[in-house]
file start-v5.txt (compact mmCIF, C-alpha atoms and all ligand atoms)
# COMPACT_ATOMS: atom_id res chain seq x y z
CA MET A 1 82.24 133.13 120.33
CA GLY A 2 83.82 130.05 121.94
CA TYR A 3 82.24 126.92 123.35
CA ALA A 4 81.67 125.80 126.94
CA PHE A 5 81.00 122.52 128.75
CA ASP A 6 77.22 123.05 128.56
CA ASP A 7 77.50 122.92 124.77
CA LEU A 8 78.81 119.34 125.02
CA LYS A 9 75.76 118.38 127.08
CA GLY A 10 73.52 120.26 124.66
CA ALA A 11 75.00 118.33 121.73
CA CYS A 12 73.76 115.04 123.21
CA HIS A 13 70.89 116.25 125.35
CA HIS A 14 68.81 113.08 125.00
CA ASP A 15 71.68 110.72 125.90
CA TRP A 16 72.78 112.96 128.77
CA ARG A 17 69.30 112.94 130.35
CA ALA A 18 69.04 109.15 129.80
CA TYR A 19 72.29 108.78 131.75
CA ILE A 20 71.47 111.19 134.60
CA GLU A 21 67.89 109.95 135.04
CA HIS A 22 68.49 106.24 134.38
CA ASP A 23 66.25 103.70 136.16
CA PHE A 24 69.25 102.52 138.16
CA VAL A 25 69.68 106.07 139.52
CA ARG A 26 65.97 106.47 140.22
CA GLN A 27 65.76 103.17 142.11
CA LEU A 28 68.92 103.99 144.02
CA GLY A 29 67.49 107.38 145.03
CA ALA A 30 64.22 105.80 146.12
CA GLY A 31 66.09 103.04 147.99
CA THR A 32 64.23 100.35 146.00
CA LEU A 33 67.14 99.05 143.92
CA GLU A 34 67.65 95.29 144.33
CA ALA A 35 70.68 94.58 146.50
CA GLY A 36 72.04 92.08 143.93
CA ALA A 37 72.02 94.75 141.22
CA PHE A 38 73.86 97.21 143.47
CA ARG A 39 76.39 94.59 144.48
CA HIS A 40 77.08 93.72 140.84
CA TYR A 41 77.48 97.41 140.02
CA LEU A 42 79.78 97.97 143.02
CA LYS A 43 82.12 95.17 141.97
CA GLN A 44 82.35 96.32 138.38
CA ASP A 45 82.77 99.91 139.49
CA TYR A 46 85.83 98.90 141.49
CA LEU A 47 87.42 97.68 138.24
CA PHE A 48 86.16 100.78 136.45
CA LEU A 49 87.80 103.11 138.99
CA ILE A 50 91.14 101.37 138.66
CA HIS A 51 91.15 101.92 134.90
CA PHE A 52 89.95 105.48 135.33
CA SER A 53 92.85 106.12 137.68
CA ARG A 54 95.12 104.94 134.84
CA ALA A 55 93.35 107.39 132.51
CA TYR A 56 94.09 110.28 134.91
CA ALA A 57 97.70 109.13 135.06
CA LEU A 58 97.68 109.26 131.24
CA ALA A 59 96.34 112.82 131.50
CA ALA A 60 99.31 113.67 133.72
CA TYR A 61 101.68 112.12 131.17
CA LYS A 62 100.10 114.11 128.34
CA SER A 63 100.22 117.43 130.20
CA ARG A 64 102.35 120.17 128.67
CA SER A 65 102.14 122.62 131.57
CA LEU A 66 102.44 122.49 135.32
CA THR A 67 98.82 123.69 135.60
CA ASP A 68 97.58 120.75 133.51
CA LEU A 69 99.81 118.35 135.42
CA ARG A 70 98.39 119.59 138.74
CA HIS A 71 94.85 119.30 137.38
CA ALA A 72 95.42 115.68 136.31
CA HIS A 73 97.04 114.93 139.67
CA ALA A 74 94.03 116.39 141.52
CA GLY A 75 91.66 114.18 139.47
CA LEU A 76 93.76 111.11 140.22
CA LYS A 77 93.83 111.98 143.92
CA THR A 78 90.04 112.37 144.04
CA ILE A 79 89.57 108.90 142.56
CA LEU A 80 92.27 107.18 144.64
CA ASP A 81 91.79 108.93 148.00
CA VAL A 82 88.08 109.77 148.01
CA GLU A 83 86.22 107.45 145.68
CA LEU A 84 88.22 104.22 145.60
CA GLN A 85 88.85 104.21 149.33
CA LEU A 86 85.16 104.77 150.13
CA HIS A 87 84.32 102.21 147.48
CA ILE A 88 86.40 99.54 149.19
CA ASP A 89 84.62 100.42 152.46
CA PHE A 90 81.22 100.15 150.74
CA CYS A 91 82.16 96.79 149.26
CA ARG A 92 83.12 95.52 152.72
CA ASP A 93 79.76 96.73 154.10
CA TRP A 94 78.03 94.91 151.25
CA GLY A 95 79.89 91.67 151.95
CA ILE A 96 82.53 91.93 149.20
CA ASP A 97 86.10 91.68 150.49
CA GLU A 98 89.30 92.84 148.78
CA ALA A 99 90.28 89.27 147.80
CA GLU A 100 87.02 88.93 145.85
CA LEU A 101 87.55 92.33 144.24
CA ALA A 102 91.06 91.37 143.15
CA ALA A 103 89.79 88.24 141.37
CA LEU A 104 86.79 89.75 139.56
CA PRO A 105 86.19 89.05 135.88
CA GLU A 106 85.48 92.26 133.92
CA ALA A 107 81.99 92.68 132.46
CA LYS A 108 81.76 93.69 128.81
CA ALA A 109 80.30 97.10 129.70
CA THR A 110 83.29 97.79 131.97
CA LEU A 111 85.74 96.70 129.32
CA ALA A 112 84.06 98.77 126.61
CA TYR A 113 83.85 102.00 128.60
CA THR A 114 87.26 101.99 130.26
CA ARG A 115 89.16 100.94 127.14
CA TYR A 116 87.26 103.50 125.05
CA VAL A 117 88.46 106.28 127.35
CA LEU A 118 92.04 105.01 127.39
CA ASP A 119 92.07 104.60 123.60
CA THR A 120 90.61 108.09 123.09
CA GLY A 121 93.31 109.51 125.34
CA ASN A 122 96.09 107.60 123.61
CA ARG A 123 94.93 108.54 120.12
CA GLY A 124 94.01 112.15 120.81
CA ASP A 125 95.32 115.03 122.88
CA LEU A 126 94.73 116.09 126.48
CA LEU A 127 91.41 117.75 125.64
CA ASP A 128 90.08 114.57 123.96
CA LEU A 129 91.01 112.65 127.08
CA HIS A 130 89.35 115.10 129.50
CA VAL A 131 86.20 115.19 127.37
CA ALA A 132 86.09 111.38 127.46
CA LEU A 133 86.52 111.50 131.26
CA ALA A 134 83.91 114.24 131.81
CA PRO A 135 80.71 112.15 131.85
CA CYS A 136 82.24 110.18 134.72
CA LEU A 137 83.26 113.02 137.00
CA VAL A 138 80.69 115.65 136.03
CA GLY A 139 77.89 113.13 135.50
CA TYR A 140 78.00 111.62 138.99
CA GLY A 141 78.22 115.08 140.56
CA GLU A 142 75.16 116.12 138.56
CA ILE A 143 73.34 112.88 139.43
CA ALA A 144 73.79 113.67 143.14
CA GLN A 145 72.34 117.16 142.56
CA TRP A 146 69.47 115.78 140.48
CA LEU A 147 68.63 113.18 143.13
CA ALA A 148 68.62 115.89 145.81
CA ALA A 149 65.91 117.72 143.83
CA GLN A 150 63.61 114.69 143.31
CA SER A 151 60.63 114.13 145.61
CA PHE A 152 61.08 110.32 145.41
CA THR A 153 64.62 110.46 146.82
CA VAL A 154 64.90 109.05 150.35
CA ARG A 155 67.83 110.21 152.46
CA GLY A 156 69.14 108.86 155.75
CA GLU A 157 68.96 105.40 157.28
CA ALA A 158 65.74 104.52 155.46
CA ASN A 159 67.74 104.31 152.22
CA PRO A 160 70.41 101.54 152.07
CA TYR A 161 72.17 103.57 149.35
CA ASP A 162 72.36 106.81 151.31
CA ALA A 163 76.14 106.60 151.82
CA TRP A 164 76.62 106.30 148.06
CA ILE A 165 74.51 109.41 147.43
CA ALA A 166 76.33 111.27 150.21
CA MET A 167 79.73 110.54 148.66
CA TYR A 168 78.82 112.15 145.33
CA ALA A 169 76.88 115.00 146.97
CA GLY A 170 79.85 115.65 149.30
CA ASP A 171 82.11 118.71 149.13
CA ASP A 172 85.20 116.87 147.83
CA PHE A 173 83.44 115.35 144.85
CA GLN A 174 81.40 118.46 144.05
CA ALA A 175 84.56 120.61 144.15
CA ALA A 176 86.36 118.19 141.82
CA MET A 177 83.40 118.39 139.45
CA ARG A 178 83.48 122.20 139.42
CA ASP A 179 87.26 122.19 138.77
CA GLU A 180 86.80 119.87 135.81
CA ILE A 181 84.04 122.04 134.32
CA ALA A 182 86.20 125.17 134.77
CA TRP A 183 89.17 123.46 133.07
CA LEU A 184 86.97 122.31 130.18
CA ASN A 185 85.37 125.73 129.80
CA GLY A 186 88.84 127.28 129.45
CA ARG A 187 89.83 124.85 126.69
CA LEU A 188 86.53 124.74 124.85
CA ALA A 189 86.50 128.53 124.55
CA GLU A 190 89.35 128.21 122.04
CA VAL A 191 88.22 125.36 119.75
CA THR A 192 86.91 125.68 116.20
CA PRO A 193 83.42 124.43 115.21
CA ARG A 194 85.00 121.44 113.45
CA ARG A 195 87.04 120.49 116.52
CA PHE A 196 83.97 120.95 118.70
CA GLU A 197 82.08 118.39 116.58
CA GLU A 198 84.89 115.85 117.13
CA LEU A 199 84.80 116.48 120.88
CA ALA A 200 80.99 116.29 120.97
CA THR A 201 81.23 112.81 119.42
CA VAL A 202 83.68 111.70 122.13
CA PHE A 203 81.43 113.13 124.85
CA ARG A 204 78.31 111.48 123.39
CA ASP A 205 80.02 108.09 123.07
CA ALA A 206 81.32 108.20 126.66
CA THR A 207 77.82 109.20 127.85
CA ARG A 208 76.29 106.25 125.95
CA LEU A 209 78.82 103.96 127.62
CA GLU A 210 77.76 105.34 131.03
CA ILE A 211 74.15 104.42 130.18
CA ASP A 212 75.32 100.89 129.32
CA PHE A 213 77.15 100.72 132.65
CA TRP A 214 73.95 101.47 134.61
CA GLN A 215 72.07 98.94 132.50
CA MET A 216 74.77 96.34 133.16
CA GLY A 217 74.14 96.86 136.88
CA LEU A 218 70.37 96.52 136.54
CA ASP A 219 70.67 93.41 134.34
CA ARG A 220 73.61 92.02 136.36
CA ALA A 221 75.21 91.40 132.97
CA ASP A 222 78.67 89.85 132.56
C1 LIG B 301 80.77 103.98 135.80
C2 LIG B 301 81.14 105.13 136.68
N1 LIG B 301 81.04 106.41 136.15
C3 LIG B 301 81.37 107.46 136.97
C4 LIG B 301 81.80 107.30 138.25
C5 LIG B 301 82.15 108.48 139.09
N2 LIG B 301 83.55 108.67 139.16
C6 LIG B 301 81.89 106.00 138.72
N3 LIG B 301 82.31 105.73 139.96
N4 LIG B 301 81.55 104.90 137.92
call {"tool": "encode", "arguments": {"input": "start-v5.txt", "output": "structure tokens"}}
result
Amino acid sequence: MGYAFDDLKGACHHDWRAYIEHDFVRQLGAGTLEAGAFRHYLKQDYLFLIHFSRAYALAAYKSRSLTDLRHAHAGLKTILDVELQLHIDFCRDWGIDEAELAALPEAKATLAYTRYVLDTGNRGDLLDLHVALAPCLVGYGEIAQWLAAQSFTVRGEANPYDAWIAMYAGDDFQAAMRDEIAWLNGRLAEVTPRRFEELATVFRDATRLEIDFWQMGLDRAD
């Protein structure tokens, strides 16, 4: 019997829950997150998304079939057209203009996560790269679903972070998440137990780096 995406989550259940249910996420859902922490996160996430766009471009380069090339292209389009564009709008609403974004120094958590994904993609094959990218795309989609199910989550104008939640709960992002899971399920069905262990390590490490990214936001760490 082959593997599926849920087996990657199962292989690092504790880290996955710590990422999805992080204090940053809880405070954001409740609308109690300090504005300075969100602003710090937003700025670093702008840099993060630029490097993640590069990682999707690397996925396109590594594709051996038109199907894989289209899949990588769709991921790149979601980041560039949906997420990054809305992100720039958010930043403007939060008093951060594009000139400030262009001059930002990268925090260590941003450097570590983005370069880990790019290095994993360069060293490994297309599946390694997509597994390293999965906590990003699938994780935020799942976070939006998890927040929707929590009684402490405040939606609408009473929550200053409502637009952020809406972006990840929205149809475009949720559809991109489902596509990524379907692609991964197709590939994971064919891997050996030994290969699965390698991929589980990549997935766990990327998930741990997501946790560090939330913590960087809360601590406003450089
Ligand atoms: C750190 C991080 N991880 C994931 C996402 C969702 N693409 C994001 N915007 N930023």
call {"tool": "residues_near_ligand", "arguments": {"input": "start-v5.txt", "ligand": "ligand LIG 301 (chain B)", "cutoff": "7 Å", "atoms": "all atoms listed in the file", "output": "JSON, numbers by chain"}}
result
{"A": [45, 48, 49, 79, 135, 136, 137, 139, 140, 210, 213]}
call {"tool": "closest_residue", "arguments": {"input": "start-v5.txt", "among": "A:Glu180, A:Asp97, A:His14, A:His73", "to": "Leu58 in chain A", "atoms": "all atoms listed in the file"}}
result
A:His73
call {"tool": "residues_around", "arguments": {"input": "start-v5.txt", "residues": "Leu209 in chain A", "least_positions_apart": "4", "cutoff": "8 Å", "atoms": "only C-alpha atoms", "output": "PyMOL selection string"}}
result
chain A and resi 109+112-113+205+213
call {"tool": "atom_distance", "arguments": {"input": "start-v5.txt", "atom1": "CA of Phe152 in chain A", "atom2": "CA of Gly36 in chain A"}}
result
21.3 Å
call {"tool": "closest_residue", "arguments": {"input": "start-v5.txt", "among": "A:Leu80, A:Pro160, A:His71, A:Gly141", "to": "Asp93 in chain A", "atoms": "only C-alpha atoms"}}
result
A:Pro160
call {"tool": "closest_residue", "arguments": {"input": "start-v5.txt", "among": "A:Thr32, A:Asp222, A:Leu42, A:Gly124", "to": "Glu83 in chain A", "atoms": "all atoms listed in the file"}}
result
A:Leu42
call {"tool": "residues_around", "arguments": {"input": "start-v5.txt", "residues": "range 190-193 of chain A", "least_positions_apart": "3", "cutoff": "8 Å", "atoms": "only C-alpha atoms", "output": "ChimeraX atom specification"}}
result
/A:2-3,186-187,196-197
call {"tool": "residues_around", "arguments": {"input": "start-v5.txt", "residues": "Ala149 in chain A", "least_positions_apart": "4", "cutoff": "12 Å", "atoms": "all atoms listed in the file", "output": "MDAnalysis selection string"}}
result
chainID A and resid 21 26 29 142:145 153:155 169
call {"tool": "residues_near_point", "arguments": {"input": "start-v5.txt", "point": "(68.1, 100.5, 138.9)", "cutoff": "9 Å", "atoms": "only C-alpha atoms", "output": "list in words"}}
result
His22, Asp23, Phe24, Val25, Arg26, Gln27, Leu28, Thr32, Leu33, Glu34, Ala37, Phe38, Trp214, Gln215, Gly217, Leu218 and Asp219 of chain A
call {"tool": "write_last_selection", "arguments": {"input": "start-v5.txt", "atoms": "C-alpha atoms", "output": "PDB file, in the frame of the given file"}}
result
ATOM      1  CA  HIS A  22      68.490 106.240 134.380  1.00  0.00           C
ATOM      2  CA  ASP A  23      66.250 103.700 136.160  1.00  0.00           C
ATOM      3  CA  PHE A  24      69.250 102.520 138.160  1.00  0.00           C
ATOM      4  CA  VAL A  25      69.680 106.070 139.520  1.00  0.00           C
ATOM      5  CA  ARG A  26      65.970 106.470 140.220  1.00  0.00           C
ATOM      6  CA  GLN A  27      65.760 103.170 142.110  1.00  0.00           C
ATOM      7  CA  LEU A  28      68.920 103.990 144.020  1.00  0.00           C
ATOM      8  CA  THR A  32      64.230 100.350 146.000  1.00  0.00           C
ATOM      9  CA  LEU A  33      67.140  99.050 143.920  1.00  0.00           C
ATOM     10  CA  GLU A  34      67.650  95.290 144.330  1.00  0.00           C
ATOM     11  CA  ALA A  37      72.020  94.750 141.220  1.00  0.00           C
ATOM     12  CA  PHE A  38      73.860  97.210 143.470  1.00  0.00           C
ATOM     13  CA  TRP A 214      73.950 101.470 134.610  1.00  0.00           C
ATOM     14  CA  GLN A 215      72.070  98.940 132.500  1.00  0.00           C
ATOM     15  CA  GLY A 217      74.140  96.860 136.880  1.00  0.00           C
ATOM     16  CA  LEU A 218      70.370  96.520 136.540  1.00  0.00           C
ATOM     17  CA  ASP A 219      70.670  93.410 134.340  1.00  0.00           C
TER      18      ASP A 219
END
call {"tool": "atom_distance", "arguments": {"input": "start-v5.txt", "atom1": "CA of Ile50 in chain A", "atom2": "CA of Lys108 in chain A"}}
result
15.6 Å
call {"tool": "residues_near_point", "arguments": {"input": "start-v5.txt", "point": "(88.5, 98.4, 137.0)", "cutoff": "10 Å", "atoms": "only C-alpha atoms", "output": "ChimeraX atom specification"}}
result
/A:43-54,101-102,104-107,110-111,114
call {"tool": "atom_distance", "arguments": {"input": "start-v5.txt", "atom1": "CA of Ala189 in chain A", "atom2": "CA of Ala4 in chain A"}}
result
6.0 Å
call {"tool": "residues_around", "arguments": {"input": "start-v5.txt", "residues": "Val131 in chain A", "least_positions_apart": "6", "cutoff": "8 Å", "atoms": "all atoms listed in the file", "output": "PyMOL selection string"}}
result
chain A and resi 184+199+202-203
call {"tool": "closest_residue", "arguments": {"input": "start-v5.txt", "among": "A:Ala176, A:Ala158, A:Met167, A:Cys12", "to": "Leu76 in chain A", "atoms": "all atoms listed in the file"}}
result
A:Ala176
call {"tool": "residues_around", "arguments": {"input": "start-v5.txt", "residues": "Asp7 in chain A", "least_positions_apart": "6", "cutoff": "10 Å", "atoms": "all atoms listed in the file", "output": "MDAnalysis selection string"}}
result
chainID A and resid 13 185 188 196 200
call {"tool": "closest_residue", "arguments": {"input": "start-v5.txt", "among": "A:Tyr19, A:Asp125, A:Asp81, A:His130", "to": "Trp183 in chain A", "atoms": "all atoms listed in the file"}}
result
A:His130
call {"tool": "axis_aligned_box", "arguments": {"input": "start-v5.txt", "around": "range 30-49 of chain A", "padding_each_side": "8 Å", "output": "AutoDock Vina command-line options"}}
result
--center_x 76.0 --center_y 98.9 --center_z 142.2 --size_x 39.6 --size_y 29.7 --size_z 27.5
